[in-house]
$ cat upload20.cif   # mmCIF, C-alpha atoms
data_protein
loop_
_atom_site.label_atom_id
_atom_site.label_comp_id
_atom_site.auth_asym_id
_atom_site.auth_seq_id
_atom_site.Cartn_x
_atom_site.Cartn_y
_atom_site.Cartn_z
CA MET R 6 -45.68 65.95 -15.31
CA ASN R 7 -47.06 66.28 -11.83
CA PHE R 8 -45.66 62.85 -10.97
CA LEU R 9 -42.16 63.80 -12.13
CA GLU R 10 -42.24 67.00 -10.13
CA LEU R 11 -43.29 65.11 -7.05
CA LYS R 12 -40.49 62.62 -7.58
CA LYS R 13 -38.04 65.47 -7.86
CA MET R 14 -39.36 66.83 -4.60
CA LYS R 15 -38.91 63.50 -2.92
CA ASN R 16 -35.48 63.16 -4.34
CA SER R 17 -34.63 66.63 -3.17
CA LEU R 18 -35.72 65.71 0.37
CA LYS R 19 -33.60 62.62 0.18
CA ASN R 20 -30.72 64.63 -1.21
CA LYS R 21 -31.10 67.21 1.49
CA LEU R 22 -31.10 64.54 4.14
CA LYS R 23 -28.10 62.93 2.54
CA ASN R 24 -26.13 66.12 2.18
CA GLN R 25 -26.68 67.00 5.77
CA TYR R 26 -25.77 63.48 6.82
CA GLU R 27 -22.54 63.44 4.83
CA ASN R 28 -21.50 66.82 6.17
CA GLN R 29 -22.03 65.73 9.74
CA SER R 30 -18.98 65.48 11.89
CA GLU R 31 -18.36 64.85 15.54
CA ILE R 32 -15.22 65.70 17.43
CA PRO R 33 -14.03 62.60 19.24
CA THR R 34 -12.59 62.77 22.74
CA GLU R 35 -8.84 63.28 22.92
CA ASN R 36 -7.91 59.89 24.29
CA LEU R 37 -9.82 57.95 21.63
CA TRP R 38 -6.73 57.48 19.45
CA GLU R 39 -4.77 56.25 22.48
CA ARG R 40 -7.41 53.59 23.06
CA ILE R 41 -7.10 52.42 19.47
CA GLU R 42 -3.30 52.55 19.62
CA SER R 43 -3.14 50.48 22.81
CA GLN R 44 -5.40 47.86 21.22
CA LEU R 45 -3.16 47.75 18.15
CA GLU R 46 -0.04 47.35 20.28
CA ASN R 47 -1.60 44.53 22.27
CA SER R 48 -2.57 42.69 19.11
CA GLU R 49 0.93 43.11 17.66
CA GLU R 50 2.49 41.62 20.80
CA LYS R 51 0.15 38.68 20.51
CA LYS R 52 0.99 38.31 16.85
CA VAL R 53 4.70 38.14 17.64
CA VAL R 54 4.11 35.42 20.20
CA VAL R 55 1.94 33.48 17.78
CA ALA R 56 4.53 33.87 15.04
CA LYS R 57 7.25 32.49 17.32
CA LYS R 58 5.12 29.50 18.21
CA ILE R 59 4.42 28.82 14.56
CA ASN R 60 8.13 28.91 13.83
CA TYR R 61 8.82 26.31 16.51
CA TRP R 62 6.19 24.11 14.98
CA LYS R 63 7.75 24.58 11.58
CA TYR R 64 11.18 23.60 12.86
CA ALA R 65 9.74 20.62 14.67
CA ALA R 66 7.93 19.56 11.52
CA ILE R 67 11.07 19.91 9.42
CA PHE R 68 13.08 17.96 11.99
CA LEU R 69 10.52 15.16 11.98
CA MET R 70 10.49 15.15 8.18
CA VAL R 71 14.27 14.85 8.02
CA VAL R 72 14.35 12.10 10.63
CA SER R 73 11.59 10.12 8.95
CA LEU R 74 13.20 10.57 5.53
CA GLY R 75 16.50 9.42 6.98
CA LEU R 76 14.87 6.34 8.46
CA VAL R 77 13.16 5.50 5.18
CA VAL R 78 16.37 5.96 3.19
CA ASN R 79 18.30 3.94 5.75
CA TYR R 80 15.71 1.18 5.55
CA PHE R 81 15.93 1.01 1.75
CA LEU R 82 19.73 1.09 1.80
CA ASN R 83 19.76 -1.77 4.26
CA GLN R 84 17.38 -3.72 2.06
CA LYS R 85 19.62 -3.20 -0.97
CA SER R 86 22.75 -4.15 0.94
CA VAL R 87 21.26 -7.48 1.96
CA ASN R 88 21.99 -9.11 -1.41
CA PRO R 89 25.62 -7.96 -1.68
CA GLU R 90 26.20 -9.26 1.85
CA PHE R 91 25.31 -12.73 0.78
CA VAL R 92 27.71 -12.50 -2.14
CA ASN R 93 30.51 -10.99 -0.09
CA THR R 94 30.23 -13.37 2.80
CA GLU R 95 30.66 -16.38 0.57
CA GLU R 96 33.86 -15.12 -1.00
CA PRO R 97 35.66 -14.43 2.26
CA ASN R 98 34.55 -17.87 3.42
CA LEU R 99 36.65 -19.45 0.74
CA LYS R 100 39.57 -17.20 1.54
CA GLN R 101 39.23 -17.99 5.19
CA ASN R 102 39.20 -21.67 4.50
CA GLU R 103 42.33 -21.31 2.41
CA LYS R 104 44.11 -19.20 4.95
CA SER R 105 42.79 -20.98 7.95
CA ILE R 106 45.85 -23.19 8.13
CA PRO R 107 48.40 -20.39 8.18
CA ILE R 108 46.41 -18.63 10.90
CA GLU R 109 46.67 -21.66 13.10
CA GLU R 110 50.36 -21.90 12.33
CA ILE R 111 50.87 -18.29 13.30
CA GLU R 112 48.98 -18.73 16.49
CA ASN R 113 51.20 -21.66 17.30
CA ILE R 114 54.38 -19.85 16.44
CA GLN R 115 53.81 -16.77 18.54
CA PRO R 116 53.96 -18.39 21.91
CA ILE R 117 56.97 -20.38 20.85
CA GLN R 118 58.90 -17.29 19.95
CA ILE R 119 58.13 -15.68 23.23
CA ASN R 120 59.36 -18.78 24.95
CA ASN R 121 62.47 -18.68 22.81
CA SER R 122 63.29 -15.13 23.72
CA GLN R 123 62.80 -15.85 27.40
CA GLU R 124 65.00 -18.91 27.28
CA ILE R 125 67.60 -17.12 25.20
CA ALA R 126 67.74 -14.24 27.62
CA ILE R 127 68.61 -16.67 30.37
CA ASN R 128 71.16 -18.74 28.45
CA LYS R 129 73.06 -16.33 26.12
CA THR R 130 75.84 -18.77 25.20
CA SER R 131 76.16 -20.06 21.63
CA ASN R 132 76.04 -18.28 18.29
CA SER R 133 74.09 -20.72 16.19
CA THR R 134 72.02 -19.04 13.50
CA VAL R 135 68.52 -19.89 12.58
CA ASN R 136 67.23 -18.48 9.33
CA SER R 137 64.32 -20.68 8.58
CA SER R 138 60.85 -19.46 9.23
CA ASP R 139 59.46 -22.94 9.70
CA LYS R 140 57.80 -23.49 12.96
CA THR R 141 59.39 -26.88 13.23
CA ALA R 142 62.79 -25.29 12.93
CA VAL R 143 61.92 -22.88 15.64
CA LYS R 144 60.67 -25.64 17.84
CA VAL R 145 63.96 -27.46 17.37
CA ASN R 146 65.81 -24.30 18.25
CA ASP R 147 63.89 -23.97 21.47
CA GLU R 148 66.24 -26.36 23.16
CA LYS R 149 69.30 -24.77 21.64
CA THR R 150 70.81 -21.51 22.79
CA LEU R 151 70.63 -18.41 20.62
CA THR R 152 72.26 -15.00 20.63
CA GLN R 153 70.22 -11.87 20.98
CA ASN R 154 71.03 -10.90 17.41
CA ASN R 155 69.87 -14.17 16.13
CA GLN R 156 66.80 -13.92 18.18
CA LYS R 157 66.00 -10.63 16.57
CA SER R 158 66.66 -12.00 13.13
CA ILE R 159 64.36 -14.87 13.82
CA VAL R 160 61.83 -12.63 15.39
CA GLU R 161 62.00 -10.25 12.47
CA ASN R 162 61.83 -13.02 9.94
CA VAL R 163 59.02 -14.83 11.59
CA ILE R 164 57.03 -12.24 13.41
CA LYS R 165 56.98 -9.48 10.83
CA PRO R 166 55.19 -11.39 8.16
CA GLU R 167 52.95 -12.80 10.84
CA LYS R 168 52.10 -9.41 12.22
CA GLU R 169 51.43 -8.08 8.78
CA ASP R 170 49.27 -10.98 7.88
CA SER R 171 47.57 -11.65 11.16
CA PRO R 172 45.41 -8.53 11.41
CA LYS R 173 44.37 -8.82 7.80
CA ILE R 174 43.10 -12.28 8.24
CA ILE R 175 41.79 -12.05 11.76
CA VAL R 176 39.70 -8.93 11.21
CA PRO R 177 37.55 -10.39 8.45
CA ASN R 178 37.26 -13.51 10.59
CA ILE R 179 35.62 -11.62 13.43
CA GLU R 180 33.31 -9.74 11.11
CA ASN R 181 32.22 -12.65 9.05
CA LYS R 182 32.12 -15.43 11.55
CA PRO R 183 28.67 -14.53 12.94
CA VAL R 184 27.31 -14.18 9.43
CA LEU R 185 28.77 -17.52 8.46
CA ALA R 186 27.46 -19.10 11.56
CA GLN R 187 23.92 -17.83 11.10
CA GLN R 188 23.29 -18.61 7.48
CA PRO R 189 24.28 -22.23 7.25
CA ILE R 190 22.51 -22.99 10.54
CA VAL R 191 19.25 -21.82 9.03
CA LYS R 192 19.80 -23.97 5.96
CA GLU R 193 20.70 -27.02 8.04
CA LYS R 194 17.58 -26.65 10.11
CA THR R 195 15.42 -26.57 7.03
CA LYS R 196 17.16 -29.44 5.27
CA TYR R 197 17.68 -32.11 7.88
CA ILE R 198 14.96 -34.17 9.43
CA THR R 199 15.36 -35.57 12.90
CA ALA R 200 15.36 -39.30 13.43
CA ASN R 201 12.08 -39.18 15.33
CA GLU R 202 10.36 -37.27 12.55
CA LEU R 203 11.66 -39.69 9.99
CA LEU R 204 10.49 -42.69 11.96
CA PHE R 205 7.15 -41.11 12.66
CA GLY R 206 6.70 -40.29 8.98
CA ARG R 207 7.49 -43.87 8.02
CA GLU R 208 5.03 -45.19 10.57
CA VAL R 209 2.36 -42.88 9.22
CA ASP R 210 3.08 -44.07 5.69
CA LYS R 211 2.88 -47.66 6.80
CA SER R 212 -0.40 -47.18 8.57
CA TYR R 213 -1.79 -45.22 5.62
CA LYS R 214 -0.86 -47.98 3.20
CA GLU R 215 -2.38 -50.57 5.50
CA GLN R 216 -5.58 -48.52 5.66
CA GLN R 217 -5.66 -48.17 1.91
CA GLU R 218 -5.20 -51.90 1.46
CA ASN R 219 -7.99 -52.59 3.91
CA ASP R 220 -10.38 -49.95 2.58
CA GLU R 221 -9.75 -50.30 -1.15
CA GLY R 222 -12.56 -52.72 -1.70
CA LYS R 223 -15.06 -50.64 0.25
CA MET R 224 -14.45 -46.90 -0.02
CA GLY R 225 -12.48 -46.46 -3.22
CA VAL R 226 -14.72 -48.51 -5.43
CA ASN R 227 -17.89 -46.95 -4.08
CA LEU R 228 -16.61 -43.43 -4.73
CA ARG R 229 -15.37 -44.10 -8.25
CA LYS R 230 -18.39 -45.96 -9.48
CA PRO R 231 -20.85 -43.07 -9.55
CA LYS R 232 -18.28 -40.81 -11.27
CA GLU R 233 -17.99 -43.08 -14.20
CA VAL R 234 -21.73 -43.37 -14.47
CA LYS R 235 -22.08 -39.60 -14.78
CA ILE R 236 -19.43 -39.17 -17.42
CA LEU R 237 -20.51 -41.92 -19.65
CA GLY R 238 -24.19 -41.64 -19.04
CA ILE R 239 -24.35 -45.36 -18.59
CA THR R 240 -23.92 -47.28 -15.40
CA VAL R 241 -20.56 -48.86 -15.70
CA TYR R 242 -18.88 -50.47 -12.74
CA SER R 243 -15.14 -50.56 -12.65
CA ASP R 244 -13.20 -53.19 -10.77
CA GLU R 245 -9.79 -51.86 -9.93
CA GLN R 246 -8.58 -55.08 -8.51
CA MET Y 21 -4.22 64.65 -2.54
CA GLN Y 22 -5.13 61.22 -3.82
CA ASN Y 23 -1.46 60.39 -4.22
CA ASP Y 24 -0.84 61.56 -0.68
CA PHE Y 25 -3.56 59.30 0.64
CA GLN Y 26 -2.25 56.44 -1.48
CA HIS Y 27 1.12 56.90 0.20
CA ILE Y 28 -0.44 57.01 3.67
CA PHE Y 29 -2.54 53.97 2.87
CA ASN Y 30 0.51 52.02 1.74
CA ARG Y 31 2.33 52.90 4.93
CA ALA Y 32 -0.71 51.90 7.00
CA ILE Y 33 -0.63 48.48 5.34
CA LYS Y 34 2.88 48.13 6.74
CA GLN Y 35 1.40 48.94 10.17
CA ASP Y 36 3.06 52.37 10.30
CA ARG Y 37 1.60 53.93 13.44
CA LEU Y 38 1.93 57.49 12.17
CA ALA Y 39 0.06 56.68 8.95
CA GLN Y 40 -2.65 54.97 11.00
CA LYS Y 41 -3.01 58.06 13.14
CA THR Y 42 -3.25 60.25 10.05
CA ILE Y 43 -6.04 58.05 8.67
CA TYR Y 44 -7.77 58.15 12.05
CA GLU Y 45 -7.64 61.93 12.09
CA MET Y 46 -9.01 62.09 8.55
CA PHE Y 47 -12.04 59.88 9.14
CA SER Y 48 -12.77 59.77 12.86
CA GLY Y 49 -15.06 62.86 12.86
CA LYS Y 50 -17.37 61.61 10.14
CA MET Y 51 -17.32 58.01 11.28
CA LEU Y 52 -18.23 59.09 14.80
CA ALA Y 53 -21.25 60.94 13.38
CA VAL Y 54 -22.26 57.86 11.38
CA ALA Y 55 -22.00 55.60 14.41
CA LYS Y 56 -23.88 58.11 16.53
CA SER Y 57 -26.70 58.28 13.98
CA TYR Y 58 -27.35 54.60 14.72
CA VAL Y 59 -26.76 54.27 18.44
CA ASN Y 60 -27.89 57.74 19.56
CA ASN Y 61 -25.19 57.89 22.19
CA PHE Y 62 -21.81 59.60 22.00
CA ASP Y 63 -19.96 57.18 24.31
CA ASP Y 64 -21.33 54.09 22.60
CA ALA Y 65 -20.43 55.62 19.25
CA GLU Y 66 -16.86 56.11 20.45
CA ASP Y 67 -16.65 52.50 21.62
CA ILE Y 68 -17.83 51.39 18.21
CA LEU Y 69 -15.25 53.63 16.59
CA VAL Y 70 -12.41 52.09 18.60
CA THR Y 71 -13.29 48.56 17.53
CA ALA Y 72 -14.03 49.65 13.95
CA PHE Y 73 -10.67 51.40 13.51
CA PHE Y 74 -8.90 48.51 15.18
CA LYS Y 75 -10.50 46.10 12.71
CA ALA Y 76 -9.75 48.41 9.79
CA PHE Y 77 -6.05 48.73 10.68
CA THR Y 78 -5.48 45.05 11.45
CA LYS Y 79 -7.32 43.86 8.36
CA ILE Y 80 -6.29 46.69 6.05
CA GLU Y 81 -4.82 44.18 3.60
CA ASP Y 82 -8.38 43.04 2.85
CA CYS Y 83 -9.15 46.49 1.46
CA ARG Y 84 -8.63 46.53 -2.29
CA ASP Y 85 -7.07 49.97 -2.67
CA SER Y 86 -6.83 53.42 -1.16
CA LYS Y 87 -9.81 54.72 -3.18
CA SER Y 88 -12.23 52.22 -1.71
CA PHE Y 89 -10.86 52.58 1.82
CA PRO Y 90 -13.35 55.29 2.99
CA PHE Y 91 -16.34 53.15 1.90
CA TRP Y 92 -14.76 50.04 3.35
CA LEU Y 93 -14.17 51.77 6.68
CA ARG Y 94 -17.72 53.13 6.71
CA LYS Y 95 -19.11 49.67 6.07
CA ILE Y 96 -17.23 48.40 9.11
CA VAL Y 97 -18.57 51.25 11.25
CA VAL Y 98 -22.17 50.65 10.09
CA ASN Y 99 -21.92 46.90 10.65
CA ASP Y 100 -20.44 47.38 14.10
CA SER Y 101 -23.15 49.88 14.96
CA ILE Y 102 -25.90 47.46 13.93
CA ASN Y 103 -24.23 44.64 15.86
CA PHE Y 104 -23.98 46.89 18.89
CA ILE Y 105 -27.72 47.66 18.73
CA ARG Y 106 -28.51 43.98 18.32
CA LYS Y 107 -26.49 43.09 21.39
CA SER Y 108 -27.48 45.95 23.64
CA LYS Y 109 -31.09 46.47 22.64
CA ASN Y 110 -33.69 43.84 22.00
CA LEU Y 111 -34.95 44.77 18.59
CA LEU Y 112 -38.04 42.90 17.50
CA TYR Y 113 -39.48 43.58 14.10
CA VAL Y 114 -43.10 42.63 13.65
CA GLU Y 115 -43.87 41.42 10.19
CA GLY Y 116 -45.62 44.44 8.71
CA GLU Y 117 -47.01 43.23 5.42
CA ILE Y 118 -50.28 45.14 5.98
CA GLU Y 119 -48.41 48.39 6.17
CA HIS Y 120 -46.75 47.48 2.91
CA ILE Y 121 -50.00 48.13 1.01
CA GLY Y 122 -49.89 51.80 1.75
CA ASP Y 123 -46.27 51.85 0.68
CA GLU Y 124 -45.87 55.36 -0.58
CA ILE Y 125 -46.55 58.34 1.59
CA SER Y 126 -49.06 60.66 -0.02
CA ASP Y 127 -47.26 62.99 -2.40
CA GLU Y 128 -48.88 66.03 -0.90
CA GLU Y 129 -47.35 65.23 2.44
CA MET Y 130 -43.87 65.06 0.97
CA GLU Y 131 -44.33 68.27 -1.00
CA ASN Y 132 -43.64 70.81 1.67
CA PHE Y 133 -40.82 70.09 3.99
CA PRO Y 134 -39.23 72.74 6.11
CA ASP Y 135 -35.60 73.21 7.00
CA PHE Y 136 -34.66 70.69 9.60
CA ASP Y 137 -31.88 69.70 11.90
CA LEU Y 138 -30.82 66.21 10.87
CA GLU Y 139 -29.22 65.46 14.20
CA LYS Y 140 -32.50 66.21 15.91
CA VAL Y 141 -34.38 64.08 13.38
CA LEU Y 142 -32.09 61.10 13.89
CA SER Y 143 -31.95 61.42 17.65
CA GLN Y 144 -35.76 61.48 17.92
CA MET Y 145 -36.62 58.86 15.32
CA PRO Y 146 -37.57 55.52 16.91
CA LEU Y 147 -34.79 52.93 16.65
CA GLY Y 148 -36.92 50.40 14.77
CA TYR Y 149 -37.49 52.67 11.80
CA LYS Y 150 -34.16 54.35 12.01
CA LEU Y 151 -32.02 51.36 11.10
CA VAL Y 152 -33.97 50.75 7.92
CA PHE Y 153 -34.18 54.47 7.23
CA ASN Y 154 -30.43 54.99 7.66
CA LEU Y 155 -29.52 52.03 5.52
CA TYR Y 156 -31.99 52.96 2.81
CA VAL Y 157 -31.36 56.71 2.66
CA PHE Y 158 -27.76 57.16 3.75
CA GLU Y 159 -26.15 53.88 2.78
CA ASP Y 160 -28.16 53.51 -0.45
CA LYS Y 161 -29.10 49.93 0.38
CA LYS Y 162 -31.98 48.20 -1.36
CA HIS Y 163 -34.73 46.53 0.63
CA GLN Y 164 -33.36 43.14 -0.22
CA GLU Y 165 -29.92 44.08 1.18
CA ILE Y 166 -31.48 45.65 4.28
CA ALA Y 167 -33.50 42.51 4.84
CA GLU Y 168 -30.30 40.46 4.74
CA ILE Y 169 -28.36 42.81 7.02
CA LEU Y 170 -31.08 43.03 9.67
CA ASN Y 171 -32.23 39.44 9.19
CA ILE Y 172 -35.81 40.49 8.45
CA SER Y 173 -38.12 40.00 5.49
CA GLU Y 174 -38.13 42.40 2.57
CA GLY Y 175 -41.76 43.33 3.32
CA THR Y 176 -40.83 44.27 6.87
CA SER Y 177 -38.04 46.46 5.56
CA LYS Y 178 -40.43 48.27 3.24
CA SER Y 179 -43.06 48.75 5.91
CA GLN Y 180 -40.44 50.02 8.36
CA LEU Y 181 -39.25 52.57 5.82
CA ASN Y 182 -42.84 53.65 5.21
CA LYS Y 183 -43.30 54.09 8.95
CA ALA Y 184 -40.13 56.17 9.04
CA LYS Y 185 -41.42 58.40 6.28
CA LYS Y 186 -44.73 58.85 8.04
CA TRP Y 187 -42.90 59.64 11.22
CA LEU Y 188 -40.78 62.17 9.32
CA VAL Y 189 -43.85 63.91 7.88
CA GLU Y 190 -45.33 64.01 11.32
CA PHE Y 191 -42.07 65.37 12.69
CA PHE Y 192 -42.00 68.17 10.13
CA ARG Y 193 -45.59 68.99 10.88
CA THR Y 194 -45.03 69.30 14.60
CA GLN Y 195 -41.88 71.34 13.91
CA GLU Y 196 -43.91 73.75 11.79
CA ASN Y 197 -46.57 73.95 14.47
CA GLU Y 198 -43.94 74.71 17.10
CA LYS Y 199 -42.52 77.49 14.92
CA PHE Y 200 -46.03 78.85 14.34
CA VAL Y 201 -46.70 78.81 18.06
CA LYS Y 202 -43.42 80.55 18.80
CA LYS Y 203 -44.21 83.25 16.28
#

$ encode --input "upload20.cif" --output "structure tokens"
Amino acid sequence: MNFLELKKMKNSLKNKLKNQYENQSEIPTENLWERIESQLENSEEKKVVVAKKINYWKYAAIFLMVVSLGLVVNYFLNQKSVNPEFVNTEEPNLKQNEKSIPIEEIENIQPIQINNSQEIAINKTSNSTVNSSDKTAVKVNDEKTLTQNNQKSIVENVIKPEKEDSPKIIVPNIENKPVLAQQPIVKEKTKYITANELLFGREVDKSYKEQQENDEGKMGVNLRKPKEVKILGITVYSDEQ
Amino acid sequence: MQNDFQHIFNRAIKQDRLAQKTIYEMFSGKMLAVAKSYVNNFDDAEDILVTAFFKAFTKIEDCRDSKSFPFWLRKIVVNDSINFIRKSKNLLYVEGEIEHIGDEISDEEMENFPDFDLEKVLSQMPLGYKLVFNLYVFEDKKHQEIAEILNISEGTSKSQLNKAKKWLVEFFRTQENEKFVKK
């Protein structure tokens, strides 16, 4: 009982101390809040600056991501388009070969027509008509005189189809020529052997055969003999000759 | 009242300056007294209060809710006060395991205690005892927690508290004697 009473006393002292402590209050100086406020404002300014910086980093990161993604996609697209290129380049090759003759014809005709018109402009005498679109016919007509109307008709007949055709054919030519030129060159290089190489190879073969013929009795037999002994378990000597 | 504080607390989370000032006005008086009970100096206590409130307002999102805010704020003030003492004063606790044997102050000595002025008690109590005494009595910390906070052994914490009690008994005794002399 005495112990409990004593404990109560102790507790009461503690409680008294505590009560007094909790009821304590000090009046802070007037400018204390201003000090806290100024600190808060400074930190907020810093925060804004930091936030801006972070945003720049974010944008930079996004930009880099987009660029790198674009490069990767571009790389894969290019890889995929390699196979179709091979297929496409071969087809136009055939077309070009087929149309290669007309292109040459057209190229030949154009200067002739210009010459015709110049000559015709000077002469202006006869009214002979030329309806054929053959270059030979035009060449024949070079020496003859033509009217301006006829010139036009010829020019229209001959040039129009040429002009329509020429860009169509020439454009693929320019695009595909480098491709055509590159691919077969690579193949040719791999396929053909130069005369020197061929001769050298033959000489090597000859010398090798000669060596074999010379060494057969010595090296070959000596190497093969022990092998046969091991396999069979008995010493058997083989004469290849 | 609670709802009002909840509202203020919510606004303070959004860094509303007016709400922050309201909270400051509510707690600054008591917190200043708490800080002063550790550092024994009004100006130092105010410095601690500035940093403590600044921390509380900038990290208010770490506080769980408005109900726990007063305890959370007080914890910051106490921690800052202890850190201030550590930095400004070279506290050295001597391992006092021998003192630990006579742990409890004699019951007779604790029986009669007069009325006392707590401020006077705290201002006169030596700093070494006072930290342990404050944490044990006013912050309801256990010896193990005090040992962790002050980076001392549990035995040292106990012996320091025992010294504080002895000092308190002695303080009361001298106070009584002074009163007797005055009479």

$ resolve_selection --input "upload20.cif" --expression "the PyMOL selection byres ((chain R) within 6 of (chain Y))" --output "ChimeraX atom specification"
/R:23,30-32,41

$ atom_distance --input "upload20.cif" --atom1 "CA of Tyr149 in chain Y" --atom2 "CA of Ala184 in chain Y"
5.2 Å

$ resolve_selection --input "upload20.cif" --expression "the PyMOL selection byres ((chain Y and resi 100) around 9)" --output "number ranges by chain"
Y: 55, 68-69, 71-72, 95-99, 101-105

$ closest_residue --input "upload20.cif" --among "Y:Ile28, Y:Ala39, Y:Cys83, Y:Leu188" --to "Lys140 in chain Y" --atoms "only C-alpha atoms"
Y:Leu188

$ atom_distance --input "upload20.cif" --atom1 "CA of Arg40 in chain R" --atom2 "CA of Leu38 in chain Y"
14.9 Å

$ residues_around --input "upload20.cif" --residues "Gly148 in chain Y" --least-positions-apart "5" --cutoff "12 Å" --atoms "all atoms listed in the file" --output "JSON list (two decimals) with C-alpha atoms, keeping the file's coordinate frame"
[["chain", "number", "residue", "atom", "x", "y", "z"],
["Y", 58, "TYR", "CA", -27.35, 54.60, 14.72],
["Y", 59, "VAL", "CA", -26.76, 54.27, 18.44],
["Y", 102, "ILE", "CA", -25.90, 47.46, 13.93],
["Y", 105, "ILE", "CA", -27.72, 47.66, 18.73],
["Y", 106, "ARG", "CA", -28.51, 43.98, 18.32],
["Y", 109, "LYS", "CA", -31.09, 46.47, 22.64],
["Y", 110, "ASN", "CA", -33.69, 43.84, 22.00],
["Y", 111, "LEU", "CA", -34.95, 44.77, 18.59],
["Y", 112, "LEU", "CA", -38.04, 42.90, 17.50],
["Y", 113, "TYR", "CA", -39.48, 43.58, 14.10],
["Y", 114, "VAL", "CA", -43.10, 42.63, 13.65],
["Y", 142, "LEU", "CA", -32.09, 61.10, 13.89],
["Y", 153, "PHE", "CA", -34.18, 54.47, 7.23],
["Y", 154, "ASN", "CA", -30.43, 54.99, 7.66],
["Y", 155, "LEU", "CA", -29.52, 52.03, 5.52],
["Y", 170, "LEU", "CA", -31.08, 43.03, 9.67],
["Y", 172, "ILE", "CA", -35.81, 40.49, 8.45],
["Y", 176, "THR", "CA", -40.83, 44.27, 6.87],
["Y", 177, "SER", "CA", -38.04, 46.46, 5.56],
["Y", 179, "SER", "CA", -43.06, 48.75, 5.91],
["Y", 180, "GLN", "CA", -40.44, 50.02, 8.36],
["Y", 181, "LEU", "CA", -39.25, 52.57, 5.82],
["Y", 182, "ASN", "CA", -42.84, 53.65, 5.21],
["Y", 183, "LYS", "CA", -43.30, 54.09, 8.95],
["Y", 184, "ALA", "CA", -40.13, 56.17, 9.04],
["Y", 187, "TRP", "CA", -42.90, 59.64, 11.22]]

$ atom_distance --input "upload20.cif" --atom1 "CA of Gly206 in chain R" --atom2 "CA of Glu218 in chain R"
18.2 Å

$ build_atoms --input "upload20.cif" --residues "range 17-31 of chain R" --atoms "N, CA and C atoms" --output "mmCIF file, in the frame of the given file"
data_model
loop_
_atom_site.group_PDB
_atom_site.id
_atom_site.type_symbol
_atom_site.label_atom_id
_atom_site.label_comp_id
_atom_site.auth_asym_id
_atom_site.auth_seq_id
_atom_site.Cartn_x
_atom_site.Cartn_y
_atom_site.Cartn_z
ATOM 1 N N SER R 17 -35.320 65.497 -3.779
ATOM 2 C CA SER R 17 -34.630 66.630 -3.170
ATOM 3 C C SER R 17 -34.609 66.500 -1.646
ATOM 4 N N LEU R 18 -35.711 65.949 -1.081
ATOM 5 C CA LEU R 18 -35.720 65.710 0.370
ATOM 6 C C LEU R 18 -34.638 64.707 0.736
ATOM 7 N N LYS R 19 -34.604 63.654 -0.075
ATOM 8 C CA LYS R 19 -33.600 62.620 0.180
ATOM 9 C C LYS R 19 -32.187 63.209 0.046
ATOM 10 N N ASN R 20 -32.040 64.017 -1.003
ATOM 11 C CA ASN R 20 -30.720 64.630 -1.210
ATOM 12 C C ASN R 20 -30.357 65.552 -0.058
ATOM 13 N N LYS R 21 -31.375 66.294 0.395
ATOM 14 C CA LYS R 21 -31.100 67.210 1.490
ATOM 15 C C LYS R 21 -30.688 66.459 2.754
ATOM 16 N N LEU R 22 -31.445 65.385 2.994
ATOM 17 C CA LEU R 22 -31.100 64.540 4.140
ATOM 18 C C LEU R 22 -29.682 64.009 4.007
ATOM 19 N N LYS R 23 -29.408 63.533 2.788
ATOM 20 C CA LYS R 23 -28.100 62.930 2.540
ATOM 21 C C LYS R 23 -26.966 63.937 2.695
ATOM 22 N N ASN R 24 -27.179 65.095 2.103
ATOM 23 C CA ASN R 24 -26.130 66.120 2.180
ATOM 24 C C ASN R 24 -25.818 66.488 3.617
ATOM 25 N N GLN R 25 -26.901 66.657 4.357
ATOM 26 C CA GLN R 25 -26.680 67.000 5.770
ATOM 27 C C GLN R 25 -25.955 65.879 6.491
ATOM 28 N N TYR R 26 -26.362 64.660 6.167
ATOM 29 C CA TYR R 26 -25.770 63.480 6.820
ATOM 30 C C TYR R 26 -24.286 63.398 6.518
ATOM 31 N N GLU R 27 -23.946 63.596 5.234
ATOM 32 C CA GLU R 27 -22.540 63.440 4.830
ATOM 33 C C GLU R 27 -21.667 64.561 5.400
ATOM 34 N N ASN R 28 -22.285 65.705 5.633
ATOM 35 C CA ASN R 28 -21.500 66.820 6.170
ATOM 36 C C ASN R 28 -21.399 66.805 7.692
ATOM 37 N N GLN R 29 -22.086 65.846 8.279
ATOM 38 C CA GLN R 29 -22.030 65.730 9.740
ATOM 39 C C GLN R 29 -20.642 65.345 10.183
ATOM 40 N N SER R 30 -20.264 65.884 11.303
ATOM 41 C CA SER R 30 -18.980 65.480 11.890
ATOM 42 C C SER R 30 -19.005 65.695 13.382
ATOM 43 N N GLU R 31 -18.432 64.750 14.074
ATOM 44 C CA GLU R 31 -18.360 64.850 15.540
ATOM 45 C C GLU R 31 -16.888 64.906 15.927
#
